[in-house]
$ cat structure08.pdb   # PDB, C-alpha atoms, pLDDT in the B column
ATOM      1  CA  MET J 213       0.000   0.000   0.000  1.00 55.00           C
ATOM      2  CA  LEU J 214       1.258   3.512  -0.879  1.00 54.00           C
ATOM      3  CA  PRO J 215       1.988   5.974   1.904  1.00 55.00           C
ATOM      4  CA  PHE J 216      -0.727   8.529   2.688  1.00 53.00           C
ATOM      5  CA  TRP J 217       1.373  11.522   1.554  1.00 50.00           C
ATOM      6  CA  LEU J 218       2.085   9.884  -1.834  1.00 52.00           C
ATOM      7  CA  ILE J 219      -1.606   9.214  -2.493  1.00 54.00           C
ATOM      8  CA  ASN J 220      -2.505  12.820  -1.657  1.00 54.00           C
ATOM      9  CA  GLY J 221       0.481  14.042  -3.698  1.00 54.00           C
ATOM     10  CA  ILE J 222      -0.729  12.183  -6.805  1.00 55.00           C
ATOM     11  CA  THR J 223      -4.258  13.520  -6.317  1.00 60.00           C
ATOM     12  CA  MET J 224      -3.016  17.091  -5.946  1.00 60.00           C
ATOM     13  CA  VAL J 225      -0.790  16.760  -9.030  1.00 59.00           C
ATOM     14  CA  ASP J 226      -3.754  15.429 -11.049  1.00 69.00           C
ATOM     15  CA  LYS J 227      -5.912  18.327  -9.891  1.00 73.00           C
ATOM     16  CA  LYS J 228      -3.215  20.870 -10.703  1.00 75.00           C
ATOM     17  CA  LEU J 229      -2.670  19.402 -14.179  1.00 74.00           C
ATOM     18  CA  THR J 230      -6.412  19.431 -14.847  1.00 77.00           C
ATOM     19  CA  VAL J 231      -6.697  23.072 -13.791  1.00 74.00           C
ATOM     20  CA  ILE J 232      -3.652  24.049 -15.867  1.00 82.00           C
ATOM     21  CA  ALA J 233      -4.977  22.202 -18.938  1.00 77.00           C
ATOM     22  CA  LEU J 234      -8.375  23.886 -18.642  1.00 74.00           C
ATOM     23  CA  GLY J 235      -6.692  27.271 -18.194  1.00 77.00           C
ATOM     24  CA  VAL J 236      -4.592  26.785 -21.347  1.00 76.00           C
ATOM     25  CA  ILE J 237      -7.651  25.747 -23.375  1.00 76.00           C
ATOM     26  CA  LEU J 238      -9.652  28.752 -22.159  1.00 70.00           C
ATOM     27  CA  ALA J 239      -6.744  31.128 -22.783  1.00 70.00           C
ATOM     28  CA  LEU J 240      -6.231  29.865 -26.335  1.00 66.00           C
ATOM     29  CA  GLY J 241      -9.960  30.123 -27.024  1.00 67.00           C
ATOM     30  CA  THR J 242     -10.060  33.652 -25.615  1.00 63.00           C
ATOM     31  CA  ILE J 243      -7.215  34.984 -27.762  1.00 61.00           C
ATOM     32  CA  GLY J 244      -8.724  33.406 -30.864  1.00 55.00           C
ATOM     33  CA  PHE J 245      -6.052  30.772 -31.470  1.00 48.00           C
ATOM     34  CA  ASN J 246      -7.576  28.203 -33.775  1.00 51.00           C
ATOM     35  CA  TRP J 247      -5.391  25.128 -33.338  1.00 48.00           C
ATOM     36  CA  VAL J 248      -7.560  23.013 -35.616  1.00 48.00           C
ATOM     37  CA  GLU J 249      -6.380  25.057 -38.624  1.00 49.00           C
ATOM     38  CA  TYR J 250      -2.816  24.029 -37.883  1.00 50.00           C
ATOM     39  CA  LEU J 251      -3.593  20.341 -37.401  1.00 50.00           C
ATOM     40  CA  LEU J 252      -6.073  19.741 -40.212  1.00 49.00           C
ATOM     41  CA  PRO J 253      -6.093  21.028 -43.790  1.00 51.00           C
ATOM     42  CA  THR J 254      -8.781  23.621 -44.411  1.00 50.00           C
ATOM     43  CA  ALA J 255     -11.463  23.283 -47.045  1.00 48.00           C
ATOM     44  CA  GLU J 256     -14.063  25.818 -48.027  1.00 49.00           C
ATOM     45  CA  ALA J 257     -17.305  25.262 -49.874  1.00 47.00           C
ATOM     46  CA  HIS J 258     -20.659  26.857 -50.253  1.00 47.00           C
ATOM     47  CA  GLY J 259     -23.342  24.436 -49.147  1.00 46.00           C
ATOM     48  CA  VAL J 260     -26.568  23.642 -50.934  1.00 42.00           C
ATOM     49  CA  GLN J 261     -29.343  25.661 -49.407  1.00 44.00           C
ATOM     50  CA  ALA J 262     -32.250  23.761 -47.927  1.00 42.00           C
ATOM     51  CA  GLN J 263     -34.780  26.507 -47.366  1.00 45.00           C
ATOM     52  CA  LEU J 264     -38.550  26.477 -47.059  1.00 42.00           C
ATOM     53  CA  GLN J 265     -38.907  29.358 -49.492  1.00 53.00           C
ATOM     54  CA  SER J 266     -39.626  27.111 -52.463  1.00 61.00           C
ATOM     55  CA  ARG J 267     -42.944  26.065 -50.884  1.00 82.00           C
ATOM     56  CA  PHE J 268     -44.093  29.632 -50.135  1.00 89.00           C
ATOM     57  CA  VAL J 269     -42.048  32.366 -51.823  1.00 91.00           C
ATOM     58  CA  ARG J 270     -39.297  31.962 -54.384  1.00 92.00           C
ATOM     59  CA  ILE J 271     -36.542  34.543 -54.926  1.00 94.00           C
ATOM     60  CA  GLU J 272     -35.973  34.878 -58.672  1.00 94.00           C
ATOM     61  CA  ASP J 273     -33.743  36.955 -60.976  1.00 95.00           C
ATOM     62  CA  GLU J 274     -31.411  37.964 -58.130  1.00 96.00           C
ATOM     63  CA  THR J 275     -28.833  40.385 -59.604  1.00 97.00           C
ATOM     64  CA  PHE J 276     -25.997  42.402 -58.069  1.00 97.00           C
ATOM     65  CA  ASN J 277     -24.763  45.767 -59.344  1.00 96.00           C
ATOM     66  CA  ARG J 278     -21.107  44.784 -58.758  1.00 95.00           C
ATOM     67  CA  GLN J 279     -18.819  41.932 -57.761  1.00 95.00           C
ATOM     68  CA  SER J 280     -16.062  44.034 -56.194  1.00 96.00           C
ATOM     69  CA  LEU J 281     -16.137  47.321 -54.344  1.00 95.00           C
ATOM     70  CA  GLN J 282     -14.315  49.473 -51.820  1.00 96.00           C
ATOM     71  CA  THR J 283     -15.474  49.995 -48.257  1.00 94.00           C
ATOM     72  CA  GLY J 284     -17.924  52.885 -48.226  1.00 94.00           C
ATOM     73  CA  GLU J 285     -19.312  51.979 -51.651  1.00 96.00           C
ATOM     74  CA  ILE J 286     -22.827  50.677 -52.126  1.00 96.00           C
ATOM     75  CA  LEU J 287     -23.924  47.190 -53.154  1.00 97.00           C
ATOM     76  CA  THR J 288     -27.419  46.935 -54.662  1.00 97.00           C
ATOM     77  CA  VAL J 289     -29.311  43.650 -54.991  1.00 97.00           C
ATOM     78  CA  ASN J 290     -32.427  43.423 -57.187  1.00 97.00           C
ATOM     79  CA  GLY J 291     -34.812  40.598 -57.924  1.00 97.00           C
ATOM     80  CA  ASN J 292     -38.372  39.316 -57.758  1.00 97.00           C
ATOM     81  CA  LEU J 293     -40.330  37.647 -54.974  1.00 95.00           C
ATOM     82  CA  VAL J 294     -42.749  35.109 -56.430  1.00 95.00           C
ATOM     83  CA  SER J 295     -45.556  33.965 -54.118  1.00 94.00           C
ATOM     84  CA  LEU J 296     -46.389  30.284 -54.590  1.00 93.00           C
ATOM     85  CA  VAL J 297     -49.433  30.200 -52.303  1.00 93.00           C
ATOM     86  CA  GLU J 298     -52.884  31.785 -52.348  1.00 94.00           C
ATOM     87  CA  ARG J 299     -52.811  33.363 -48.890  1.00 93.00           C
ATOM     88  CA  ASP J 300     -51.257  36.724 -48.017  1.00 94.00           C
ATOM     89  CA  MET J 301     -48.039  36.748 -45.981  1.00 93.00           C
ATOM     90  CA  ARG J 302     -46.025  39.260 -43.921  1.00 93.00           C
ATOM     91  CA  ALA J 303     -42.327  39.402 -44.691  1.00 93.00           C
ATOM     92  CA  TRP J 304     -39.149  41.445 -44.384  1.00 92.00           C
ATOM     93  CA  LEU J 305     -35.997  41.590 -46.500  1.00 93.00           C
ATOM     94  CA  SER J 306     -32.331  41.845 -45.579  1.00 91.00           C
ATOM     95  CA  ILE J 307     -28.899  40.852 -46.801  1.00 91.00           C
ATOM     96  CA  PHE J 308     -27.236  37.689 -45.515  1.00 90.00           C
ATOM     97  CA  SER J 309     -23.509  37.283 -46.072  1.00 89.00           C
ATOM     98  CA  GLU J 310     -21.012  34.539 -45.367  1.00 82.00           C
ATOM     99  CA  SER J 311     -17.351  35.528 -45.271  1.00 75.00           C
ATOM    100  CA  THR J 312     -13.826  34.453 -44.441  1.00 67.00           C
ATOM    101  CA  ASN J 313     -13.565  37.144 -41.758  1.00 64.00           C
ATOM    102  CA  ALA J 314     -15.618  37.484 -38.588  1.00 60.00           C
ATOM    103  CA  GLY J 315     -17.133  40.838 -39.465  1.00 59.00           C
ATOM    104  CA  ASN J 316     -19.871  40.400 -42.083  1.00 60.00           C
ATOM    105  CA  ARG J 317     -20.565  44.097 -41.684  1.00 83.00           C
ATOM    106  CA  TRP J 318     -22.973  45.863 -43.997  1.00 90.00           C
ATOM    107  CA  GLU J 319     -25.016  48.969 -43.290  1.00 91.00           C
ATOM    108  CA  MET J 320     -28.501  48.768 -44.803  1.00 91.00           C
ATOM    109  CA  LEU J 321     -29.309  52.023 -46.612  1.00 93.00           C
ATOM    110  CA  ALA J 322     -32.524  51.343 -48.539  1.00 94.00           C
ATOM    111  CA  ARG J 323     -35.195  48.693 -48.989  1.00 94.00           C
ATOM    112  CA  ASP J 324     -37.880  48.488 -51.657  1.00 94.00           C
ATOM    113  CA  PRO J 325     -40.610  47.595 -50.786  1.00 94.00           C
ATOM    114  CA  PRO J 326     -39.930  50.273 -48.172  1.00 89.00           C
ATOM    115  CA  GLY J 327     -40.128  49.736 -44.433  1.00 83.00           C
ATOM    116  CA  ASN J 328     -39.081  46.788 -42.379  1.00 85.00           C
ATOM    117  CA  VAL J 329     -42.214  44.640 -42.794  1.00 92.00           C
ATOM    118  CA  PHE J 330     -44.395  44.412 -45.906  1.00 94.00           C
ATOM    119  CA  ASP J 331     -47.213  42.257 -47.287  1.00 94.00           C
ATOM    120  CA  ILE J 332     -46.877  39.680 -50.049  1.00 95.00           C
ATOM    121  CA  GLU J 333     -50.257  39.018 -51.609  1.00 95.00           C
ATOM    122  CA  GLY J 334     -51.123  35.488 -52.642  1.00 94.00           C
ATOM    123  CA  ASN J 335     -49.892  34.421 -56.114  1.00 95.00           C
ATOM    124  CA  SER J 336     -48.225  37.799 -56.689  1.00 96.00           C
ATOM    125  CA  VAL J 337     -44.833  38.870 -57.997  1.00 96.00           C
ATOM    126  CA  ILE J 338     -43.048  41.723 -56.198  1.00 96.00           C
ATOM    127  CA  ALA J 339     -39.904  43.406 -57.492  1.00 97.00           C
ATOM    128  CA  TYR J 340     -37.438  44.210 -54.706  1.00 97.00           C
ATOM    129  CA  SER J 341     -34.243  46.190 -54.256  1.00 97.00           C
ATOM    130  CA  LEU J 342     -31.772  46.270 -51.349  1.00 96.00           C
ATOM    131  CA  SER J 343     -28.879  48.721 -50.971  1.00 96.00           C
ATOM    132  CA  ALA J 344     -26.117  48.343 -48.391  1.00 95.00           C
ATOM    133  CA  LYS J 345     -22.789  50.025 -47.702  1.00 95.00           C
ATOM    134  CA  ALA J 346     -19.736  47.808 -47.152  1.00 93.00           C
ATOM    135  CA  LEU J 347     -18.057  48.560 -43.806  1.00 93.00           C
ATOM    136  CA  GLU J 348     -15.345  45.883 -43.630  1.00 91.00           C
ATOM    137  CA  PRO J 349     -12.994  44.396 -46.229  1.00 91.00           C
ATOM    138  CA  GLY J 350     -13.354  40.700 -46.961  1.00 89.00           C
ATOM    139  CA  VAL J 351     -14.615  38.099 -49.385  1.00 90.00           C
ATOM    140  CA  TYR J 352     -18.362  37.706 -48.908  1.00 91.00           C
ATOM    141  CA  HIS J 353     -20.950  35.383 -50.387  1.00 92.00           C
ATOM    142  CA  VAL J 354     -23.999  37.646 -50.329  1.00 93.00           C
ATOM    143  CA  HIS J 355     -27.615  36.483 -50.529  1.00 93.00           C
ATOM    144  CA  THR J 356     -31.010  38.110 -50.445  1.00 93.00           C
ATOM    145  CA  GLN J 357     -32.612  36.936 -47.209  1.00 92.00           C
ATOM    146  CA  LEU J 358     -36.400  36.849 -47.128  1.00 92.00           C
ATOM    147  CA  ASN J 359     -37.982  36.213 -43.732  1.00 91.00           C
ATOM    148  CA  VAL J 360     -41.625  35.145 -43.931  1.00 90.00           C
ATOM    149  CA  ALA J 361     -43.697  35.377 -40.749  1.00 89.00           C
ATOM    150  CA  SER J 362     -44.598  31.945 -39.311  1.00 85.00           C
ATOM    151  CA  VAL J 363     -42.482  30.264 -42.000  1.00 84.00           C
ATOM    152  CA  GLY J 364     -38.841  31.304 -41.519  1.00 85.00           C
ATOM    153  CA  PRO J 365     -35.960  32.582 -43.631  1.00 88.00           C
ATOM    154  CA  GLY J 366     -35.126  31.795 -47.233  1.00 89.00           C
ATOM    155  CA  LEU J 367     -32.051  32.726 -49.235  1.00 91.00           C
ATOM    156  CA  GLY J 368     -31.543  33.724 -52.837  1.00 92.00           C
ATOM    157  CA  PRO J 369     -28.821  32.023 -54.910  1.00 91.00           C
ATOM    158  CA  GLY J 370     -26.259  34.663 -53.929  1.00 93.00           C
ATOM    159  CA  GLN J 371     -22.994  35.879 -55.397  1.00 95.00           C
ATOM    160  CA  THR J 372     -19.407  36.294 -54.227  1.00 94.00           C
ATOM    161  CA  VAL J 373     -18.496  39.935 -53.555  1.00 94.00           C
ATOM    162  CA  VAL J 374     -14.957  41.127 -52.801  1.00 94.00           C
ATOM    163  CA  VAL J 375     -14.599  44.229 -50.622  1.00 93.00           C
ATOM    164  CA  ASP J 376     -11.256  46.062 -50.359  1.00 94.00           C
ATOM    165  CA  GLY J 377     -10.244  49.097 -48.341  1.00 94.00           C
ATOM    166  CA  GLU J 378     -10.036  50.206 -44.732  1.00 93.00           C
ATOM    167  CA  PHE J 379     -12.488  49.348 -41.960  1.00 89.00           C
ATOM    168  CA  ILE J 380     -15.258  51.896 -41.459  1.00 87.00           C
ATOM    169  CA  LEU J 381     -16.154  52.138 -37.792  1.00 82.00           C
ATOM    170  CA  LYS J 382     -19.654  53.341 -37.052  1.00 73.00           C
ATOM    171  CA  PRO J 383     -20.133  55.358 -33.852  1.00 67.00           C
ATOM    172  CA  ILE J 384     -21.874  53.473 -31.076  1.00 62.00           C
ATOM    173  CA  PRO J 385     -25.415  54.864 -30.599  1.00 61.00           C
ATOM    174  CA  TYR J 386     -25.144  55.487 -26.855  1.00 62.00           C
ATOM    175  CA  THR J 387     -28.598  57.123 -26.755  1.00 68.00           C
ATOM    176  CA  ASN J 388     -30.169  53.891 -28.076  1.00 64.00           C
ATOM    177  CA  ILE J 389     -28.231  51.836 -25.529  1.00 68.00           C
ATOM    178  CA  ALA J 390     -29.329  54.160 -22.706  1.00 69.00           C
ATOM    179  CA  TYR J 391     -32.959  54.022 -23.879  1.00 67.00           C
ATOM    180  CA  GLN J 392     -32.932  50.223 -24.076  1.00 69.00           C
ATOM    181  CA  SER J 393     -31.264  49.981 -20.652  1.00 75.00           C
ATOM    182  CA  ILE J 394     -34.003  52.161 -19.133  1.00 77.00           C
ATOM    183  CA  ILE J 395     -36.720  50.005 -20.718  1.00 74.00           C
ATOM    184  CA  ILE J 396     -35.049  46.815 -19.445  1.00 76.00           C
ATOM    185  CA  GLY J 397     -34.663  48.370 -15.965  1.00 74.00           C
ATOM    186  CA  VAL J 398     -38.339  49.342 -15.868  1.00 70.00           C
ATOM    187  CA  GLY J 399     -39.251  45.796 -16.900  1.00 69.00           C
ATOM    188  CA  TYR J 400     -37.185  44.366 -14.036  1.00 68.00           C
ATOM    189  CA  VAL J 401     -38.784  46.755 -11.528  1.00 69.00           C
ATOM    190  CA  ILE J 402     -42.265  45.772 -12.690  1.00 67.00           C
ATOM    191  CA  THR J 403     -41.349  42.076 -12.565  1.00 66.00           C
ATOM    192  CA  PHE J 404     -39.956  42.251  -9.029  1.00 63.00           C
ATOM    193  CA  ALA J 405     -42.750  44.528  -7.772  1.00 65.00           C
ATOM    194  CA  THR J 406     -45.578  42.327  -9.057  1.00 64.00           C
ATOM    195  CA  ARG J 407     -44.077  38.918  -8.316  1.00 60.00           C
ATOM    196  CA  PRO J 408     -43.687  37.669  -4.740  1.00 55.00           C
ATOM    197  CA  TRP J 409     -40.184  36.761  -3.654  1.00 51.00           C
ATOM    198  CA  GLN J 410     -39.438  33.106  -4.055  1.00 48.00           C
ATOM    199  CA  VAL J 411     -36.743  30.994  -2.529  1.00 44.00           C
ATOM    200  CA  ILE J 412     -34.670  29.432  -5.268  1.00 43.00           C
TER
END

$ encode --input "structure08.pdb" --output "structure tokens"
Amino acid sequence: MLPFWLINGITMVDKKLTVIALGVILALGTIGFNWVEYLLPTAEAHGVQAQLQSRFVRIEDETFNRQSLQTGEILTVNGNLVSLVERDMRAWLSIFSESTNAGNRWEMLARDPPGNVFDIEGNSVIAYSLSAKALEPGVYHVHTQLNVASVGPGLGPGQTVVVDGEFILKPIPYTNIAYQSIIIGVGYVITFATRPWQVI
């Protein structure tokens, strides 16, 4: 039988090694070190979309005004939304982009149909246009994204767009953050004032 101090020594060493290993993993994850890239070869591909849009609304004739641009320049996407059902639907349009960098930053400038939410009448065809300013350089695969209420998102075929130039940093809207913080604070006060204290 091993002496008492040796058993405790092995246990303490195991605990210390476990804590050190976890610390190293967390530190590498925090600084963004991607060790998998160095161990395995990388491969990139654009997957086949499996969207519900084909049963409800199809995005057709999606065209882009350019394939390369500088930051600060405007990308415009045009196309048609073809309703495949008889009932009316509520929807909203945006741009979805996949990229090699972590930014994916675009500033929406204009939508047609205008506004955030619009109606798609049954069996109708609606021409659309989206304009966005590129804020970060990168190689993007850009799609029209159509979100249909109670159905979900659907993507157009998309196109690769290359953006060059310097990063454009948008100022943080502190007034919006303050407003939202006040609303959240009021919600908490109402919740705690109207709900009896419970022991958790």

$ closest_residue --input "structure08.pdb" --among "J:Gly364, J:Gly377, J:Gly235, J:Gly397" --to "Phe268 (chain J)" --atoms "only C-alpha atoms"
J:Gly364

$ residues_around --input "structure08.pdb" --residues "Arg267 (chain J)" --least-positions-apart "4" --cutoff "10 Å" --atoms "only C-alpha atoms" --output "PyMOL selection string"
chain J and resi 263+295-297+363

$ closest_residue --input "structure08.pdb" --among "J:Leu281, J:Ala322, J:Ile307, J:Ala339" --to "Gln357 (chain J)" --atoms "all atoms listed in the file"
J:Ile307

$ atom_distance --input "structure08.pdb" --atom1 "CA of Gly368 (chain J)" --atom2 "CA of Ile380 (chain J)"
26.9 Å

$ atom_distance --input "structure08.pdb" --atom1 "CA of Glu333 (chain J)" --atom2 "CA of Glu319 (chain J)"
28.4 Å

$ atom_distance --input "structure08.pdb" --atom1 "CA of Val374 (chain J)" --atom2 "CA of Ser341 (chain J)"
20.0 Å

$ axis_aligned_box --input "structure08.pdb" --around "region 345-349 of chain J" --padding-each-side "6 Å" --output "JSON"
{"center_x": -17.9, "center_y": 47.2, "center_z": -45.7, "size_x": 21.8, "size_y": 17.6, "size_z": 16.1}

$ closest_residue --input "structure08.pdb" --among "J:Ile271, J:Val337, J:Ala361, J:Leu342" --to "Asn290 (chain J)" --atoms "all atoms listed in the file"
J:Leu342

$ resolve_selection --input "structure08.pdb" --expression "the PyMOL selection byres ((chain J and resi 326) around 10)" --output "ChimeraX atom specification"
/J:304-305,322-325,327-330,340-342

$ residues_around --input "structure08.pdb" --residues "Gly370 (chain J)" --least-positions-apart "5" --cutoff "12 Å" --atoms "all atoms listed in the file" --output "NGL selection string"
:J and (258-261 or 271-276 or 279 or 289-291 or 307-310 or 352-357)

$ write_last_selection --input "structure08.pdb" --atoms "C-alpha atoms" --output "compact mmCIF listing (two decimals), in the coordinates of the input"
# COMPACT_ATOMS: atom_id res chain seq x y z
CA HIS J 258 -20.66 26.86 -50.25
CA GLY J 259 -23.34 24.44 -49.15
CA VAL J 260 -26.57 23.64 -50.93
CA GLN J 261 -29.34 25.66 -49.41
CA ILE J 271 -36.54 34.54 -54.93
CA GLU J 272 -35.97 34.88 -58.67
CA ASP J 273 -33.74 36.96 -60.98
CA GLU J 274 -31.41 37.96 -58.13
CA THR J 275 -28.83 40.38 -59.60
CA PHE J 276 -26.00 42.40 -58.07
CA GLN J 279 -18.82 41.93 -57.76
CA VAL J 289 -29.31 43.65 -54.99
CA ASN J 290 -32.43 43.42 -57.19
CA GLY J 291 -34.81 40.60 -57.92
CA ILE J 307 -28.90 40.85 -46.80
CA PHE J 308 -27.24 37.69 -45.52
CA SER J 309 -23.51 37.28 -46.07
CA GLU J 310 -21.01 34.54 -45.37
CA TYR J 352 -18.36 37.71 -48.91
CA HIS J 353 -20.95 35.38 -50.39
CA VAL J 354 -24.00 37.65 -50.33
CA HIS J 355 -27.62 36.48 -50.53
CA THR J 356 -31.01 38.11 -50.44
CA GLN J 357 -32.61 36.94 -47.21

$ closest_residue --input "structure08.pdb" --among "J:Ala346, J:Val398, J:Phe379, J:Gln371" --to "Gly284 (chain J)" --atoms "all atoms listed in the file"
J:Ala346

$ closest_residue --input "structure08.pdb" --among "J:Ile332, J:Met320, J:Met301, J:Leu381" --to "Pro349 (chain J)" --atoms "all atoms listed in the file"
J:Leu381

$ closest_residue --input "structure08.pdb" --among "J:Val231, J:Ile286, J:Val294, J:Leu321" --to "Val375 (chain J)" --atoms "all atoms listed in the file"
J:Ile286

$ residues_near_point --input "structure08.pdb" --point "(-40.4, 37.3, -45.7)" --cutoff "6 Å" --atoms "all atoms listed in the file" --output "JSON, numbers by chain"
{"J": [303, 304, 358, 359, 360]}

$ build_atoms --input "structure08.pdb" --residues "region 228-236 of chain J" --atoms "all heavy atoms" --output "compact mmCIF listing (two decimals), in the coordinates of the input"
# COMPACT_ATOMS: atom_id res chain seq x y z
N LYS J 228 -3.95 19.72 -10.16
CA LYS J 228 -3.22 20.87 -10.70
C LYS J 228 -3.08 20.77 -12.23
O LYS J 228 -3.25 21.76 -12.94
CB LYS J 228 -1.83 20.97 -10.06
CG LYS J 228 -1.87 21.47 -8.63
CD LYS J 228 -0.48 21.55 -8.06
CE LYS J 228 -0.52 21.99 -6.60
NZ LYS J 228 0.80 22.01 -6.02
N LEU J 229 -2.79 19.58 -12.73
CA LEU J 229 -2.67 19.40 -14.18
C LEU J 229 -4.00 19.66 -14.87
O LEU J 229 -4.05 20.26 -15.95
CB LEU J 229 -2.17 18.00 -14.51
CG LEU J 229 -0.68 17.73 -14.21
CD1 LEU J 229 -0.34 16.28 -14.48
CD2 LEU J 229 0.20 18.64 -15.03
N THR J 230 -5.09 19.21 -14.26
CA THR J 230 -6.41 19.43 -14.85
C THR J 230 -6.72 20.92 -14.91
O THR J 230 -7.21 21.42 -15.93
CB THR J 230 -7.49 18.69 -14.03
OG1 THR J 230 -7.16 17.31 -13.99
CG2 THR J 230 -8.86 18.88 -14.63
N VAL J 231 -6.44 21.63 -13.83
CA VAL J 231 -6.70 23.07 -13.79
C VAL J 231 -5.82 23.81 -14.80
O VAL J 231 -6.29 24.70 -15.52
CB VAL J 231 -6.47 23.62 -12.36
CG1 VAL J 231 -6.48 25.14 -12.35
CG2 VAL J 231 -7.52 23.08 -11.41
N ILE J 232 -4.55 23.41 -14.90
CA ILE J 232 -3.65 24.05 -15.87
C ILE J 232 -4.12 23.78 -17.29
O ILE J 232 -4.14 24.69 -18.14
CB ILE J 232 -2.20 23.57 -15.65
CG1 ILE J 232 -1.66 24.14 -14.34
CG2 ILE J 232 -1.31 23.99 -16.82
CD1 ILE J 232 -0.31 23.56 -13.92
N ALA J 233 -4.51 22.54 -17.58
CA ALA J 233 -4.98 22.20 -18.94
C ALA J 233 -6.23 23.00 -19.30
O ALA J 233 -6.34 23.53 -20.40
CB ALA J 233 -5.25 20.70 -19.04
N LEU J 234 -7.18 23.09 -18.38
CA LEU J 234 -8.38 23.89 -18.64
C LEU J 234 -8.04 25.36 -18.85
O LEU J 234 -8.61 26.03 -19.71
CB LEU J 234 -9.38 23.73 -17.50
CG LEU J 234 -10.13 22.40 -17.46
CD1 LEU J 234 -10.97 22.30 -16.19
CD2 LEU J 234 -11.01 22.24 -18.67
N GLY J 235 -7.11 25.87 -18.05
CA GLY J 235 -6.69 27.27 -18.19
C GLY J 235 -6.07 27.54 -19.55
O GLY J 235 -6.34 28.56 -20.19
N VAL J 236 -5.23 26.62 -20.03
CA VAL J 236 -4.59 26.78 -21.35
C VAL J 236 -5.65 26.76 -22.45
O VAL J 236 -5.64 27.60 -23.37
CB VAL J 236 -3.52 25.69 -21.57
CG1 VAL J 236 -3.06 25.66 -23.01
CG2 VAL J 236 -2.34 25.91 -20.63
